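Let me begin by presenting the structure, written as structure tokens, before commenting on it.
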Amino acid sequence: MDTPTSRPARPHFSSGPTAKPPGWSPDKLNTDGLGRSHRSAHNKARLAHCIAQMRELLDLPDSHRIGIVPGSDTGAFEMAMWTMLGQRPVTVMAWESFGKGWVTDAVKQLKLEPTVMEADYGALPDLHAVDWSNDVTFTWNGTTSGVRVPDGDWIPENREGLSFADATSTVFAHRLPWDKIDVATFSWQKVLGGEAAHGVLILGPRAVERLESYTPDRPLPKLFRLTKDGKLIEGIFTGATINTPSMLAVEDAIVALDWAKSIGGLDGMIDRAKANAAAVDALVQGRSWLHHLCEDPAIRSRTGVCLTINGADRDRITAMTKLLEAEGVAYDLGSYRDAPPGLRIWCGATVETSDIEALGPWLDYALEKTA
């Protein structure tokens, strides 16, 4: 076939770090705080402003605290695991790479002897078989499998254990039931299109109670310590970070949050993600050789959408993605290294639907040229 004539205006389809918000440029960043202490009045105010913006856009209730922590989503989630797990039995759920990483942490590092509930890529374990007398960790939206939990209905209000949700590919693309979530984590590099390295930790009142009443019998690195003298370190949730943050990354997150507010806040972000996911589904429906890794639309991601190609092994997928990158029409489309060979198209709000629509003929072209 001939080379397609229409091209995506922005070829950024990576699942993290993701496309910057439309219209982003470095001159939008407030640089007044660069070169100053993160504990200066100016920078503490900027950190507090970033936290307040996240709270507002997420419709986070006053009962839940939100703070900026080190180590991206991984650092935030492991901070929660290391500080809170061990008081009661633990169930660890996994249906993709990062969930499997939490299994490794619980079994090999924390040695908790957890109940492990796993499912293959593209599927979920039986959510209604979860024993909520246990603490339960899970990935709300599987970045590497394209699978999400459908809602929070499977989490009981009268649960005895804590719910730990790795929500890094979920926040700002879904309205979350915060009354069902005791711990949630995410990073700016996903749905917001921000920069990496920093994580965000959200704690409900039951998580705070656990932190203040339970001291785990394990060493805790300084970066993980959320309490002092048996009390939560409240400063973490008002802008007094545990260690030195990048104020440039903080300012970049503020720009992304301002953009999110300008397009209608959380509802606007959700609508754009839905439109993008629908555009990918249209690509699939129009091609007999292209398929969703997750067959059930009720549990299919609307952010990291994972696809498979008839008869294509990893070498051919690599050849296709290299061709698309060389043409400058699509970057970073390959599936995650531990996932089945295929494509992964980010559909979060910072991607334009028109760019996904323009991608279709290029997928046809890449398939033919690598046959």
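Chain labels run A, B, ... following the order of the structure tokens; each chain numbers its residues from 1, and ligands are numbered from 1 in the order shown.
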
Could you produce a table of the residues of stretch 105-193 of chain A lying within 12 Å of stretch 287-311 of chain A, with the nearest pair of atoms per residue and their separation in Å rounded to one decimal, using only C-alpha atoms, ordered by chain and increasing residue number, as CSV?
residue,atom,partner,partner_atom,distance
A:Ala119,CA,A:Cys294,CA,11.9
A:Asp120,CA,A:Cys294,CA,10.2
A:Tyr121,CA,A:Leu293,CA,7.4
A:Gly122,CA,A:Cys294,CA,4.1
A:Ala123,CA,A:Cys294,CA,6.5
A:Leu124,CA,A:Ile299,CA,8.2
A:Pro125,CA,A:Ile299,CA,11.5
A:Leu127,CA,A:Ile299,CA,11.8
A:Thr139,CA,A:Ser301,CA,11.8
A:Trp140,CA,A:Ser301,CA,9.7
A:Asn141,CA,A:Ser301,CA,6.5
A:Gly142,CA,A:Ser301,CA,7.5
A:Thr143,CA,A:Gly304,CA,5.5
A:Thr144,CA,A:Gly304,CA,7.3
A:Ser145,CA,A:Cys306,CA,6.2
A:Gly146,CA,A:Ser301,CA,4.9
A:Val147,CA,A:Arg300,CA,4.8
A:Arg148,CA,A:Ile299,CA,5.1
A:Val149,CA,A:Ile299,CA,5.8
A:Pro150,CA,A:Ile299,CA,5.1
A:Asp151,CA,A:Ile299,CA,8.9
A:Ala167,CA,A:Thr303,CA,11.6
A:Thr168,CA,A:Thr303,CA,10.4
A:Ser169,CA,A:Thr303,CA,6.6
A:Thr170,CA,A:Thr303,CA,7.5
A:Val171,CA,A:Thr303,CA,10.1
A:Phe172,CA,A:Thr303,CA,10.0
A:Ala173,CA,A:Thr303,CA,7.2
A:His174,CA,A:Arg302,CA,8.9
A:Lys190,CA,A:Thr303,CA,9.0
A:Val191,CA,A:Thr303,CA,7.7
A:Leu192,CA,A:Thr303,CA,11.3
A:Gly193,CA,A:Thr303,CA,12.0

Produce a file of the selected residues containing N, CA, C and O atoms, as a CSV table (one decimal), in the first residue's frame.
chain,number,residue,atom,x,y,z
A,119,ALA,N,-4.6,-13.6,37.8
A,119,ALA,CA,-5.3,-13.9,36.6
A,119,ALA,C,-4.4,-13.6,35.4
A,119,ALA,O,-3.4,-12.8,35.6
A,120,ASP,N,-4.6,-14.2,34.3
A,120,ASP,CA,-3.8,-14.0,33.1
A,120,ASP,C,-4.0,-12.6,32.6
A,120,ASP,O,-5.1,-12.0,32.9
A,121,TYR,N,-3.1,-12.1,31.8
A,121,TYR,CA,-3.3,-10.9,31.1
A,121,TYR,C,-4.6,-10.9,30.3
A,121,TYR,O,-4.9,-11.8,29.6
A,122,GLY,N,-5.4,-9.8,30.5
A,122,GLY,CA,-6.6,-9.7,29.8
A,122,GLY,C,-7.8,-10.1,30.6
A,122,GLY,O,-9.0,-10.0,30.2
A,123,ALA,N,-7.6,-10.6,31.8
A,123,ALA,CA,-8.7,-11.1,32.7
A,123,ALA,C,-8.5,-10.6,34.1
A,123,ALA,O,-7.5,-10.0,34.5
A,124,LEU,N,-9.5,-10.8,34.9
A,124,LEU,CA,-9.5,-10.5,36.4
A,124,LEU,C,-9.7,-11.7,37.2
A,124,LEU,O,-10.5,-12.6,36.7
A,125,PRO,N,-9.2,-11.8,38.4
A,125,PRO,CA,-9.6,-12.9,39.3
A,125,PRO,C,-11.0,-12.6,39.8
A,125,PRO,O,-11.6,-11.6,39.5
A,127,LEU,N,-13.4,-11.2,41.8
A,127,LEU,CA,-13.4,-10.1,42.8
A,127,LEU,C,-14.3,-10.5,44.0
A,127,LEU,O,-14.1,-10.0,45.1
A,139,THR,N,-4.3,-3.5,41.8
A,139,THR,CA,-4.1,-2.5,40.8
A,139,THR,C,-5.5,-2.1,40.2
A,139,THR,O,-6.2,-3.0,39.6
A,140,TRP,N,-5.9,-0.9,40.4
A,140,TRP,CA,-7.3,-0.5,39.9
A,140,TRP,C,-7.4,-0.6,38.4
A,140,TRP,O,-8.3,-1.1,37.8
A,141,ASN,N,-6.3,-0.2,37.7
A,141,ASN,CA,-6.3,-0.2,36.2
A,141,ASN,C,-4.9,-0.8,35.9
A,141,ASN,O,-3.9,-0.1,36.1
A,142,GLY,N,-4.9,-1.9,35.3
A,142,GLY,CA,-3.6,-2.6,34.9
A,142,GLY,C,-3.0,-1.9,33.7
A,142,GLY,O,-3.4,-2.1,32.6
A,143,THR,N,-1.9,-1.1,33.9
A,143,THR,CA,-1.3,-0.4,32.9
A,143,THR,C,-0.7,-1.3,31.8
A,143,THR,O,-0.7,-1.0,30.6
A,144,THR,N,-0.3,-2.5,32.2
A,144,THR,CA,0.4,-3.4,31.2
A,144,THR,C,-0.6,-4.5,30.6
A,144,THR,O,-0.2,-5.2,29.7
A,145,SER,N,-1.8,-4.5,31.1
A,145,SER,CA,-2.7,-5.6,30.6
A,145,SER,C,-4.0,-5.0,30.0
A,145,SER,O,-4.8,-5.7,29.4
A,146,GLY,N,-4.2,-3.7,30.2
A,146,GLY,CA,-5.5,-3.1,29.7
A,146,GLY,C,-6.7,-3.6,30.4
A,146,GLY,O,-7.8,-3.5,29.8
A,147,VAL,N,-6.6,-4.0,31.6
A,147,VAL,CA,-7.7,-4.5,32.4
A,147,VAL,C,-7.9,-3.6,33.7
A,147,VAL,O,-6.9,-3.3,34.3
A,148,ARG,N,-9.1,-3.3,34.0
A,148,ARG,CA,-9.4,-2.6,35.2
A,148,ARG,C,-10.6,-3.2,36.0
A,148,ARG,O,-11.3,-4.0,35.4
A,149,VAL,N,-10.6,-2.9,37.3
A,149,VAL,CA,-11.8,-3.3,38.0
A,149,VAL,C,-13.0,-2.5,37.5
A,149,VAL,O,-12.8,-1.3,37.2
A,150,PRO,N,-14.2,-3.0,37.4
A,150,PRO,CA,-15.3,-2.3,36.8
A,150,PRO,C,-15.8,-1.1,37.6
A,150,PRO,O,-16.3,-0.1,37.1
A,151,ASP,N,-15.7,-1.2,39.0
A,151,ASP,CA,-16.2,-0.2,39.9
A,151,ASP,C,-15.7,-0.6,41.3
A,151,ASP,O,-14.9,-1.5,41.5
A,167,ALA,N,-3.6,3.1,41.8
A,167,ALA,CA,-4.5,3.8,40.9
A,167,ALA,C,-3.8,4.7,39.9
A,167,ALA,O,-4.4,5.6,39.4
A,168,THR,N,-2.6,4.4,39.6
A,168,THR,CA,-1.8,5.4,38.8
A,168,THR,C,-2.3,5.6,37.4
A,168,THR,O,-2.2,6.7,36.8
A,169,SER,N,-3.0,4.6,36.8
A,169,SER,CA,-3.5,4.8,35.4
A,169,SER,C,-5.0,5.0,35.5
A,169,SER,O,-5.7,4.9,34.5
A,170,THR,N,-5.6,5.3,36.7
A,170,THR,CA,-7.0,5.5,36.9
A,170,THR,C,-7.4,6.9,37.2
A,170,THR,O,-8.3,7.4,36.7
A,171,VAL,N,-6.7,7.5,38.2
A,171,VAL,CA,-7.1,8.8,38.7
A,171,VAL,C,-7.1,9.8,37.5
A,171,VAL,O,-6.3,9.7,36.5
A,172,PHE,N,-8.0,10.7,37.5
A,172,PHE,CA,-8.3,11.7,36.4
A,172,PHE,C,-8.8,11.1,35.1
A,172,PHE,O,-9.1,11.8,34.2
A,173,ALA,N,-9.1,9.8,35.1
A,173,ALA,CA,-9.8,9.1,34.0
A,173,ALA,C,-11.1,8.4,34.5
A,173,ALA,O,-11.9,8.0,33.7
A,174,HIS,N,-11.2,8.4,35.8
A,174,HIS,CA,-12.4,7.7,36.4
A,174,HIS,C,-12.8,8.5,37.6
A,174,HIS,O,-12.0,9.2,38.3
A,190,LYS,N,1.4,9.8,34.4
A,190,LYS,CA,0.3,9.0,33.7
A,190,LYS,C,-0.8,9.9,33.2
A,190,LYS,O,-0.5,10.6,32.2
A,191,VAL,N,-1.9,10.0,33.8
A,191,VAL,CA,-3.1,10.6,33.2
A,191,VAL,C,-2.9,12.2,33.1
A,191,VAL,O,-3.4,12.8,32.1
A,192,LEU,N,-2.1,12.8,33.9
A,192,LEU,CA,-1.9,14.2,33.9
A,192,LEU,C,-0.8,14.6,32.8
A,192,LEU,O,-0.8,15.8,32.4
A,193,GLY,N,0.0,13.7,32.3
A,193,GLY,CA,1.0,14.0,31.4
A,193,GLY,C,2.1,14.8,32.0
A,193,GLY,O,2.8,15.6,31.4

Residue neighbourhood stretch 32-49 of chain A, 10 Å, only C-alpha atoms, exclusion window fewer than 4 positions, as a PDB file with C-alpha atoms, in the first residue's frame:
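This is the output file around_23.pdb:
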ATOM      1  CA  GLN A  53      -5.387  21.427  43.055  1.00  0.00           C
ATOM      2  CA  MET A  54      -5.144  17.643  43.035  1.00  0.00           C
ATOM      3  CA  ARG A  55      -7.662  17.433  45.878  1.00  0.00           C
ATOM      4  CA  GLY A  67       0.688  14.150  49.821  1.00  0.00           C
ATOM      5  CA  ILE A  68       3.659  14.207  47.464  1.00  0.00           C
ATOM      6  CA  GLY A 235       3.389  18.102  57.182  1.00  0.00           C
ATOM      7  CA  ILE A 236       3.783  15.534  54.405  1.00  0.00           C
ATOM      8  CA  PHE A 237       0.190  16.289  53.411  1.00  0.00           C
ATOM      9  CA  THR A 238       0.552  20.062  53.438  1.00  0.00           C
ATOM     10  CA  GLY A 239       3.742  20.438  51.384  1.00  0.00           C
ATOM     11  CA  ALA A 240       6.584  19.557  53.785  1.00  0.00           C
ATOM     12  CA  THR A 241       7.897  16.658  51.718  1.00  0.00           C
ATOM     13  CA  ASN A 243      12.922  14.634  50.939  1.00  0.00           C
ATOM     14  CA  THR A 244      13.814  17.303  48.383  1.00  0.00           C
ATOM     15  CA  PRO A 245      11.357  17.387  45.475  1.00  0.00           C
ATOM     16  CA  SER A 246      12.033  18.765  42.020  1.00  0.00           C
ATOM     17  CA  MET A 247      10.272  22.107  42.010  1.00  0.00           C
ATOM     18  CA  LEU A 248      10.450  22.031  38.215  1.00  0.00           C
ATOM     19  CA  VAL A 250       5.996  20.346  40.748  1.00  0.00           C
ATOM     20  CA  GLU A 251       5.488  23.392  38.544  1.00  0.00           C
ATOM     21  CA  ILE A 254       0.594  22.543  38.333  1.00  0.00           C
TER      22      ILE A 254
END

Could you tell me, as a PyMOL selection string, which residues of stretch 7-238 of chain A DSSP assigns to helix (DSSP H, G or I) when given the backbone?
chain A and resi 26-28+41-58+72-84+97-109+127-129+178-180+205-213+222-224+234-237

Nearby residues (only C-alpha atoms) at most 8 Å from A:Ala76, same-chain spacing under 5 positions excluded, as JSON, numbers by chain
{"A": [69, 70, 71, 185, 186, 199, 200, 201]}

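For stretch 154-157 of chain A, the non-local neighbours within 8 Å, defined as residues at least 5 positions apart in the same chain or in other chains and counting only C-alpha atoms, are Leu127, His128, Trp132, Asp179 and Lys180 of chain A.
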
Output of the above residues as a PDB file, in the first residue's frame, restricted to C-alpha atoms:
ATOM      1  CA  LEU A 127     -13.438 -10.146  42.807  1.00  0.00           C
ATOM      2  CA  HIS A 128     -16.318 -11.504  44.861  1.00  0.00           C
ATOM      3  CA  TRP A 132     -12.129  -8.637  53.319  1.00  0.00           C
ATOM      4  CA  ASP A 179     -15.318   5.678  50.680  1.00  0.00           C
ATOM      5  CA  LYS A 180     -14.144   2.278  49.393  1.00  0.00           C
TER       6      LYS A 180
END

Please provide the set of residues having any atom within 12 Å of A:Pro205, restricted to only C-alpha atoms, with same-chain residues fewer than 4 positions apart removed, written as a PyMOL selection string.
chain A and resi 61-66+162-163+178-183+209-212+232

With N, CA, C and O atoms retained, export the selected residues as a compact mmCIF listing (two decimals), in the first residue's frame.
# COMPACT_ATOMS: atom_id res chain seq x y z
N PRO A 61 -12.62 13.77 49.28
CA PRO A 61 -13.30 14.27 50.49
C PRO A 61 -12.31 14.72 51.55
O PRO A 61 -11.14 14.31 51.56
N ASP A 62 -12.78 15.54 52.47
CA ASP A 62 -11.92 16.04 53.55
C ASP A 62 -11.38 14.93 54.43
O ASP A 62 -10.37 15.10 55.11
N SER A 63 -12.04 13.77 54.41
CA SER A 63 -11.60 12.64 55.24
C SER A 63 -10.28 12.06 54.77
O SER A 63 -9.62 11.34 55.53
N HIS A 64 -9.88 12.33 53.53
CA HIS A 64 -8.68 11.73 52.94
C HIS A 64 -7.56 12.76 52.81
O HIS A 64 -7.79 13.88 52.34
N ARG A 65 -6.36 12.35 53.22
CA ARG A 65 -5.19 13.20 53.07
C ARG A 65 -4.49 12.88 51.75
O ARG A 65 -4.54 11.74 51.28
N ILE A 66 -3.80 13.87 51.19
CA ILE A 66 -3.08 13.66 49.94
C ILE A 66 -1.72 14.35 50.03
O ILE A 66 -1.63 15.51 50.45
N LEU A 162 -7.88 -3.24 55.19
CA LEU A 162 -7.70 -2.01 54.41
C LEU A 162 -7.64 -2.33 52.93
O LEU A 162 -7.10 -3.37 52.53
N SER A 163 -8.15 -1.43 52.12
CA SER A 163 -8.02 -1.54 50.66
C SER A 163 -6.87 -0.66 50.20
O SER A 163 -6.82 0.53 50.50
N TRP A 178 -14.26 7.06 46.86
CA TRP A 178 -13.25 7.24 47.91
C TRP A 178 -13.63 6.59 49.22
O TRP A 178 -12.77 6.24 50.02
N ASP A 179 -14.92 6.36 49.45
CA ASP A 179 -15.32 5.68 50.68
C ASP A 179 -14.91 4.21 50.68
O ASP A 179 -14.88 3.57 51.73
N LYS A 180 -14.58 3.67 49.49
CA LYS A 180 -14.14 2.28 49.39
C LYS A 180 -12.62 2.15 49.38
O LYS A 180 -12.08 1.04 49.34
N ILE A 181 -11.91 3.28 49.38
CA ILE A 181 -10.46 3.27 49.22
C ILE A 181 -9.80 3.80 50.49
O ILE A 181 -10.02 4.94 50.90
N ASP A 182 -8.97 2.97 51.10
CA ASP A 182 -8.22 3.40 52.29
C ASP A 182 -6.86 3.97 51.92
O ASP A 182 -6.38 4.90 52.56
N VAL A 183 -6.24 3.40 50.90
CA VAL A 183 -4.95 3.88 50.40
C VAL A 183 -5.02 3.91 48.88
O VAL A 183 -5.47 2.94 48.26
N GLU A 209 -5.47 5.58 60.97
CA GLU A 209 -5.61 4.85 62.23
C GLU A 209 -4.63 3.68 62.30
O GLU A 209 -4.02 3.43 63.35
N ARG A 210 -4.46 2.98 61.19
CA ARG A 210 -3.50 1.88 61.17
C ARG A 210 -2.08 2.39 61.42
O ARG A 210 -1.32 1.80 62.20
N LEU A 211 -1.72 3.45 60.74
CA LEU A 211 -0.37 3.99 60.90
C LEU A 211 -0.08 4.41 62.33
O LEU A 211 1.03 4.25 62.84
N GLU A 212 -1.08 4.95 63.02
CA GLU A 212 -0.87 5.47 64.36
C GLU A 212 -1.03 4.40 65.44
O GLU A 212 -0.69 4.65 66.60
N LEU A 232 0.84 10.56 62.86
CA LEU A 232 1.07 10.85 61.46
C LEU A 232 1.83 12.16 61.32
O LEU A 232 1.54 13.14 62.03

Could you go through stretch 79-195 of chain A and tell me which residues DSSP, when run on the backbone, assigns to strand (DSSP E or B), listing them as a PyMOL selection string?
chain A and resi 90-94+115-118+135-139+141-142+147-148+163-166+171+174+183-187

With stretch 344-358 of chain A as the partner and 9 Å as the cut-off, tabulate the residues of stretch 13-128 of chain A that qualify, each row holding the nearest pair of atoms and their distance in Å to one decimal, using only C-alpha atoms, sorted by chain and rising number, as JSON lines.
{"residue": "A:Phe13", "atom": "CA", "partner": "A:Trp346", "partner_atom": "CA", "distance": 5.1}
{"residue": "A:Ser14", "atom": "CA", "partner": "A:Trp346", "partner_atom": "CA", "distance": 5.9}
{"residue": "A:Ser15", "atom": "CA", "partner": "A:Trp346", "partner_atom": "CA", "distance": 5.1}
{"residue": "A:Gly16", "atom": "CA", "partner": "A:Trp346", "partner_atom": "CA", "distance": 8.4}
{"residue": "A:Thr18", "atom": "CA", "partner": "A:Trp346", "partner_atom": "CA", "distance": 7.4}
{"residue": "A:Ala19", "atom": "CA", "partner": "A:Thr350", "partner_atom": "CA", "distance": 5.9}
{"residue": "A:Lys20", "atom": "CA", "partner": "A:Thr350", "partner_atom": "CA", "distance": 6.1}
{"residue": "A:Pro21", "atom": "CA", "partner": "A:Thr350", "partner_atom": "CA", "distance": 4.7}
{"residue": "A:Pro22", "atom": "CA", "partner": "A:Thr350", "partner_atom": "CA", "distance": 6.3}

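With only C-alpha atoms as the basis for measurement, A:Pro361 is the residue among A:Pro177, A:Pro89, A:Pro341, A:Pro361 that approaches A:Arg7 most closely.
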
Which polymer residues have any atom within 9 Å of an atom of A:Leu266, counting only C-alpha atoms, with same-chain residues fewer than 5 positions away left out, as an MDAnalysis selection string?
chainID A and resid 57:59 172:175 260:261 271
